[in-house]
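**Student:** The following file, target.pdb, comprises PDB, C-alpha atoms:
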```pdb
ATOM      1  CA  MET A   1      56.456   1.004 113.976
ATOM      2  CA  SER A   2      53.307  -0.406 112.374
ATOM      3  CA  ILE A   3      51.786   0.705 109.082
ATOM      4  CA  PRO A   4      48.802   2.365 110.819
ATOM      5  CA  ASN A   5      51.214   4.330 113.034
ATOM      6  CA  LEU A   6      53.180   5.443 109.966
ATOM      7  CA  ILE A   7      49.936   6.614 108.341
ATOM      8  CA  THR A   8      49.067   8.513 111.525
ATOM      9  CA  LEU A   9      52.507  10.144 111.546
ATOM     10  CA  GLY A  10      51.899  11.166 107.939
ATOM     11  CA  ARG A  11      48.662  12.812 109.050
ATOM     12  CA  ILE A  12      50.553  14.723 111.728
ATOM     13  CA  LEU A  13      53.057  15.873 109.102
ATOM     14  CA  LEU A  14      50.154  17.156 106.954
ATOM     15  CA  VAL A  15      49.128  19.613 109.685
ATOM     16  CA  PRO A  16      51.664  22.370 108.913
ATOM     17  CA  VAL A  17      50.994  21.997 105.185
ATOM     18  CA  VAL A  18      47.246  22.464 105.732
ATOM     19  CA  VAL A  19      47.936  25.506 107.938
ATOM     20  CA  TRP A  20      50.228  26.913 105.242
ATOM     21  CA  ALA A  21      47.518  26.363 102.604
ATOM     22  CA  ILE A  22      44.882  28.159 104.709
ATOM     23  CA  THR A  23      47.099  31.094 105.610
ATOM     24  CA  SER A  24      48.270  31.387 101.989
ATOM     25  CA  GLY A  25      44.701  31.459 100.709
ATOM     26  CA  ALA A  26      45.041  28.141  98.874
ATOM     27  CA  MET A  27      41.752  26.836 100.238
ATOM     28  CA  TRP A  28      41.204  24.148  97.629
ATOM     29  CA  ILE A  29      44.593  22.669  98.586
ATOM     30  CA  ALA A  30      43.649  22.887 102.279
ATOM     31  CA  PHE A  31      40.332  21.178 101.496
ATOM     32  CA  VAL A  32      41.970  18.349  99.528
ATOM     33  CA  LEU A  33      44.611  17.787 102.218
ATOM     34  CA  PHE A  34      41.914  17.809 104.909
ATOM     35  CA  VAL A  35      39.996  15.135 102.993
ATOM     36  CA  VAL A  36      43.223  13.126 102.550
ATOM     37  CA  ALA A  37      43.827  13.388 106.298
ATOM     38  CA  GLY A  38      40.285  12.180 106.971
ATOM     39  CA  VAL A  39      40.650   9.226 104.609
ATOM     40  CA  SER A  40      44.024   8.341 106.151
ATOM     41  CA  ASP A  41      42.386   8.371 109.600
ATOM     42  CA  ALA A  42      39.805   5.854 108.396
ATOM     43  CA  VAL A  43      42.461   3.721 106.659
ATOM     44  CA  ASP A  44      44.809   3.552 109.653
ATOM     45  CA  GLY A  45      41.900   2.657 111.942
ATOM     46  CA  PHE A  46      40.687  -0.035 109.571
ATOM     47  CA  LEU A  47      44.166  -1.555 109.175
ATOM     48  CA  ALA A  48      44.842  -1.482 112.902
ATOM     49  CA  LYS A  49      41.577  -3.234 113.785
ATOM     50  CA  ARG A  50      41.234  -5.581 110.809
ATOM     51  CA  PHE A  51      44.790  -6.896 110.870
ATOM     52  CA  GLY A  52      45.464  -6.733 114.610
ATOM     53  CA  MET A  53      47.985  -3.908 114.271
ATOM     54  CA  THR A  54      46.771  -1.853 117.222
ATOM     55  CA  THR A  55      49.565  -0.591 119.445
ATOM     56  CA  GLU A  56      49.896   1.410 122.632
ATOM     57  CA  LEU A  57      51.662   4.126 120.617
ATOM     58  CA  GLY A  58      48.757   4.207 118.165
ATOM     59  CA  ARG A  59      46.267   4.702 120.990
ATOM     60  CA  TYR A  60      48.053   7.973 121.790
ATOM     61  CA  LEU A  61      49.136   9.026 118.298
ATOM     62  CA  ASP A  62      45.741   8.751 116.604
ATOM     63  CA  PRO A  63      43.827  11.158 118.878
ATOM     64  CA  LEU A  64      46.884  13.438 118.958
ATOM     65  CA  ALA A  65      46.866  13.585 115.157
ATOM     66  CA  ASP A  66      43.121  14.260 115.097
ATOM     67  CA  LYS A  67      43.351  17.059 117.672
ATOM     68  CA  ALA A  68      46.462  18.590 116.088
ATOM     69  CA  LEU A  69      44.656  18.769 112.745
ATOM     70  CA  ILE A  70      41.345  20.141 114.059
ATOM     71  CA  VAL A  71      42.889  22.665 116.454
ATOM     72  CA  SER A  72      45.374  23.854 113.827
ATOM     73  CA  ILE A  73      42.698  24.276 111.173
ATOM     74  CA  TYR A  74      40.418  26.188 113.537
ATOM     75  CA  LEU A  75      43.302  28.416 114.660
ATOM     76  CA  ALA A  76      44.397  29.112 111.075
ATOM     77  CA  LEU A  77      40.831  29.852 109.952
ATOM     78  CA  GLY A  78      40.264  32.096 112.981
ATOM     79  CA  ILE A  79      43.512  34.010 112.624
ATOM     80  CA  SER A  80      42.695  34.496 108.936
ATOM     81  CA  ASP A  81      39.253  35.867 109.942
ATOM     82  CA  LEU A  82      37.495  33.118 108.000
ATOM     83  CA  ILE A  83      35.541  31.827 111.007
ATOM     84  CA  PRO A  84      34.553  33.698 114.169
ATOM     85  CA  ARG A  85      37.308  33.878 116.758
ATOM     86  CA  TRP A  86      34.862  33.148 119.588
ATOM     87  CA  LEU A  87      34.269  29.725 118.004
ATOM     88  CA  VAL A  88      38.019  29.096 117.791
ATOM     89  CA  ILE A  89      38.427  30.068 121.448
ATOM     90  CA  LEU A  90      35.575  27.760 122.427
ATOM     91  CA  VAL A  91      36.898  24.753 120.480
ATOM     92  CA  VAL A  92      40.517  25.186 121.596
ATOM     93  CA  SER A  93      39.596  25.949 125.215
ATOM     94  CA  ARG A  94      37.553  22.743 125.406
ATOM     95  CA  ASP A  95      40.556  20.651 124.417
ATOM     96  CA  ILE A  96      42.857  22.522 126.807
ATOM     97  CA  LEU A  97      40.353  22.003 129.616
ATOM     98  CA  ILE A  98      40.109  18.260 128.962
ATOM     99  CA  VAL A  99      43.876  17.778 128.720
ATOM    100  CA  GLY A 100      44.397  19.993 131.774
ATOM    101  CA  GLY A 101      41.916  17.938 133.800
ATOM    102  CA  ILE A 102      43.637  14.687 132.848
ATOM    103  CA  ILE A 103      47.067  16.096 133.715
ATOM    104  CA  LEU A 104      45.808  17.496 137.017
ATOM    105  CA  SER A 105      44.326  14.123 137.983
ATOM    106  CA  TRP A 106      47.711  12.462 137.265
ATOM    107  CA  VAL A 107      49.640  15.114 139.192
ATOM    108  CA  ILE A 108      47.564  14.668 142.325
ATOM    109  CA  GLY A 109      47.885  10.894 142.088
ATOM    110  CA  ASN A 110      44.335  10.187 141.008
ATOM    111  CA  PRO A 111      44.697   9.289 137.304
ATOM    112  CA  LEU A 112      41.595   9.462 135.201
ATOM    113  CA  LYS A 113      41.225   7.220 132.185
ATOM    114  CA  ILE A 114      39.204   9.218 129.737
ATOM    115  CA  LYS A 115      37.043   7.509 127.193
ATOM    116  CA  PRO A 116      35.284   9.514 124.516
ATOM    117  CA  LEU A 117      31.693  10.282 125.446
ATOM    118  CA  LEU A 118      28.919  10.180 122.833
ATOM    119  CA  VAL A 119      28.542  13.972 122.963
ATOM    120  CA  SER A 120      32.291  14.261 122.357
ATOM    121  CA  LYS A 121      32.122  11.988 119.319
ATOM    122  CA  LEU A 122      29.208  14.017 117.941
ATOM    123  CA  ASN A 123      31.163  17.192 118.656
ATOM    124  CA  THR A 124      34.168  15.891 116.718
ATOM    125  CA  VAL A 125      31.961  14.961 113.757
ATOM    126  CA  ALA A 126      30.377  18.434 113.797
ATOM    127  CA  GLN A 127      33.802  20.120 114.033
ATOM    128  CA  ILE A 128      35.078  18.100 111.072
ATOM    129  CA  LEU A 129      31.954  18.771 108.989
ATOM    130  CA  PHE A 130      32.118  22.492 109.744
ATOM    131  CA  ALA A 131      35.820  22.692 108.814
ATOM    132  CA  CYS A 132      35.191  20.685 105.659
ATOM    133  CA  VAL A 133      32.284  22.898 104.584
ATOM    134  CA  VAL A 134      34.224  26.096 105.324
ATOM    135  CA  LEU A 135      37.299  24.898 103.416
ATOM    136  CA  GLY A 136      35.163  23.535 100.559
ATOM    137  CA  THR A 137      33.057  26.670 100.164
ATOM    138  CA  LEU A 138      36.144  28.878 100.245
ATOM    139  CA  GLY A 139      38.212  26.595  98.012
ATOM    140  CA  PHE A 140      35.613  26.138  95.329
ATOM    141  CA  ASP A 141      33.675  29.417  95.694
ATOM    142  CA  ILE A 142      30.437  27.696  96.686
ATOM    143  CA  LYS A 143      27.744  29.533  98.618
ATOM    144  CA  ALA A 144      26.426  27.534 101.576
ATOM    145  CA  ASP A 145      25.786  30.266 104.128
ATOM    146  CA  MET A 146      22.837  28.548 105.833
ATOM    147  CA  LEU A 147      24.635  25.194 106.092
ATOM    148  CA  THR A 148      27.728  26.938 107.445
ATOM    149  CA  LEU A 149      25.653  28.812 110.029
ATOM    150  CA  VAL A 150      23.796  25.676 111.145
ATOM    151  CA  LEU A 151      27.061  23.740 111.484
ATOM    152  CA  MET A 152      28.701  26.614 113.382
ATOM    153  CA  ILE A 153      25.830  26.724 115.881
ATOM    154  CA  THR A 154      25.935  22.925 116.162
ATOM    155  CA  VAL A 155      29.684  22.981 116.866
ATOM    156  CA  ALA A 156      29.237  25.657 119.518
ATOM    157  CA  ALA A 157      26.347  23.836 121.230
ATOM    158  CA  LEU A 158      28.033  20.416 121.166
ATOM    159  CA  THR A 159      31.316  21.908 122.367
ATOM    160  CA  LEU A 160      29.570  23.438 125.386
ATOM    161  CA  LEU A 161      27.680  20.201 126.097
ATOM    162  CA  SER A 162      30.900  18.240 125.781
ATOM    163  CA  VAL A 163      32.703  20.538 128.223
ATOM    164  CA  ALA A 164      29.860  20.151 130.709
ATOM    165  CA  ALA A 165      29.861  16.355 130.347
ATOM    166  CA  TYR A 166      33.632  16.046 130.799
ATOM    167  CA  VAL A 167      33.682  18.416 133.783
ATOM    168  CA  ALA A 168      30.866  16.403 135.404
ATOM    169  CA  GLU A 169      32.723  13.146 134.691
ATOM    170  CA  TRP A 170      35.971  14.572 136.089
ATOM    171  CA  MET A 171      34.264  15.862 139.231
ATOM    172  CA  ARG A 172      32.527  12.502 139.805
ATOM    173  CA  HIS A 173      35.853  10.718 139.487
ATOM    174  CA  MET A 174      37.701  13.123 141.761
ATOM    175  CA  ASN A 175      34.944  13.155 144.417
ATOM    176  CA  ALA A 176      34.538   9.370 144.397
ATOM    177  CA  THR A 177      38.215   8.611 144.867
ATOM    178  CA  LEU A 178      38.932  11.475 147.271
ATOM    179  CA  ALA A 179      35.955  10.534 149.452
ATOM    180  CA  GLY A 180      37.336   7.005 149.824
ATOM    181  CA  PRO A 181      35.415   3.783 150.554
TER     182      PRO A 181
END
```
What's the structure tokens form of this structure?
**Tutor:**
Amino acid sequence: MSIPNLITLGRILLVPVVVWAITSGAMWIAFVLFVVAGVSDAVDGFLAKRFGMTTELGRYLDPLADKALIVSIYLALGISDLIPRWLVILVVSRDILIVGGIILSWVIGNPLKIKPLLVSKLNTVAQILFACVVLGTLGFDIKADMLTLVLMITVAALTLLSVAAYVAEWMRHMNATLAGP
């Protein structure tokens, strides 16, 4: 177990605490923990790359930790009626669709190695910024309605574009290998 993997596990363990903070109304705590999680993500990535500590386990744990945190925060904020539920459904459904497509390709014996697309990376950045702004405005009683609205629309648009890109990529892969040489 490498140090970056231990940091990633710590980030995973923060998830229920962040959810507790949101559902308890302790938004400033949720905000601080979210920032800590973000910093730990950068630190574990830096350590892994800089000191050659990358591992196969880390390649799976890191995105799992990221998704667990984002999905959990969006679910907690949606259930608490702090962000629109349609946005939560969109964000969560995208991830379920991607994971489902990967699993389906494995099940039918046509594994798909997924690499993050640019639109997906932009989507993740927008999701993180939106969550950070929502938690920060709620935690510190700051008004940023226009910024929140712009980020919400950006998350929705990038999520839809990301779904379309991954579905197209999945269909290309499935058609190319099923059609044969």
**Student:** Given the choices A:Val17, A:Leu118, A:Met1, A:Leu138, which gets closest to Leu57 of chain A if the distance is worked out from only C-alpha atoms?
**Tutor:**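 Comparing A:Val17, A:Leu118, A:Met1, A:Leu138 against Leu57 of chain A, the winner is A:Met1.
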**Student:** Find the residue from A:Phe46, A:Trp28, A:Trp106, A:Phe34 that sits nearest to Phe140 of chain A; use all atoms listed in the file when measuring.
**Tutor:**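 Among the listed residues, the smallest separation from Phe140 of chain A belongs to A:Trp28.
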**Student:** With distances taken over only C-alpha atoms, which of A:Leu90, A:Ile102, A:Val134, A:Leu9 is nearest to Ile22 of chain A?
**Tutor:** A:Val134
**Student:** Which value, in Å to one decimal, gives the distance between atom CA of Leu13 of chain A and atom CA of Asp66 of chain A?
**Tutor:**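 Taking atom CA of Leu13 of chain A as the start and atom CA of Asp66 of chain A as the end point, the length is 11.7 Å.
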**Student:** Of the candidates A:Leu122, A:Ile12, A:Ala165, A:Val133, which shows the shortest atom-to-atom distance to Leu97 of chain A, using only C-alpha atoms?
**Tutor:** A:Ala165
**Student:** Using all atoms listed in the file, which of A:Asp81, A:Asp62, A:Asp41, A:Asp95 sits nearest Val163 of chain A?
**Tutor:**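 Looking at the shortest contact to Val163 of chain A, the residue is A:Asp95.
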**Student:** The residues within 9 Å of (35.5, 17.4, 103.5), using only C-alpha atoms and the coordinates of the file, should be reported as a ChimeraX atom specification; which are they?
**Tutor:** /A:31-32,34-36,38,128-136
**Student:** Find the residues near Leu33 of chain A: any atom within 9 Å, counting all atoms listed in the file, skip ones fewer than 6 places away on the same chain, and give them as a PyMOL selection string.
**Tutor:** chain A and resi 14-15+17-18
**Student:** What's the 12 Å shell around Lys49 of chain A, counting only C-alpha atoms, without same-chain residues fewer than 5 positions away, as a ChimeraX atom specification?
**Tutor:** /A:3-4,42-44,54-55,58-59
**Student:** Nearest to Leu87 of chain A among A:Val155, A:Ala126, A:Val99, A:Ile142, with distances taken over only C-alpha atoms: which residue is it?
**Tutor:**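 Smallest distance to Leu87 of chain A is found for A:Val155.
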**Student:** Please measure the separation of atom CA of Lys115 of chain A and atom CA of Gly52 of chain A, giving the value in Å to one decimal.
**Tutor:** 20.8 Å
**Student:** Between atom CA of Leu160 of chain A and atom CA of Ala37 of chain A, measure the distance and give it in Å to one decimal.
**Tutor:**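 So the answer is 25.9 Å.
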**Student:** Would you pick out the contacts of Ile103 of chain A at 12 Å or less, using all atoms listed in the file, so that residues sharing its chain but fewer than 6 positions from it are not included, and give the list as a list in words?
**Tutor:**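 With the cut-off at 12 Å, the set is Ile96, Leu97, Gly109, Asn110, Pro111, Leu112, Lys113, Ile114 and Trp170 of chain A.
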**Student:** If the PyMOL selection byres ((chain A and resi 159) around 9) were run on this exact file, what residues would it hold? Put them as a list of chain:residue names.
**Tutor:** A:Leu90, A:Val91, A:Arg94, A:Val119, A:Ser120, A:Asn123, A:Thr124, A:Gln127, A:Thr154, A:Val155, A:Ala156, A:Ala157, A:Leu158, A:Leu160, A:Leu161, A:Ser162, A:Val163, A:Ala164
**Student:** Just write the chosen residues, C-alpha atoms, as a CSV table (one decimal), in the frame of the given file.
**Tutor:**
```csv
chain,number,residue,atom,x,y,z
A,90,LEU,CA,35.6,27.8,122.4
A,91,VAL,CA,36.9,24.8,120.5
A,94,ARG,CA,37.6,22.7,125.4
A,119,VAL,CA,28.5,14.0,123.0
A,120,SER,CA,32.3,14.3,122.4
A,123,ASN,CA,31.2,17.2,118.7
A,124,THR,CA,34.2,15.9,116.7
A,127,GLN,CA,33.8,20.1,114.0
A,154,THR,CA,25.9,22.9,116.2
A,155,VAL,CA,29.7,23.0,116.9
A,156,ALA,CA,29.2,25.7,119.5
A,157,ALA,CA,26.3,23.8,121.2
A,158,LEU,CA,28.0,20.4,121.2
A,160,LEU,CA,29.6,23.4,125.4
A,161,LEU,CA,27.7,20.2,126.1
A,162,SER,CA,30.9,18.2,125.8
A,163,VAL,CA,32.7,20.5,128.2
A,164,ALA,CA,29.9,20.2,130.7
```
**Student:** As JSON, please report the centre and edge lengths, rounded to one decimal in Å, of the axis-aligned box that holds all listed atoms of segment 137-145 of chain A with 5 Å of padding on each of the six sides.
**Tutor:**
```
{"center_x": 32.0, "center_y": 28.2, "center_z": 99.7, "size_x": 22.4, "size_y": 14.1, "size_z": 18.8}
```
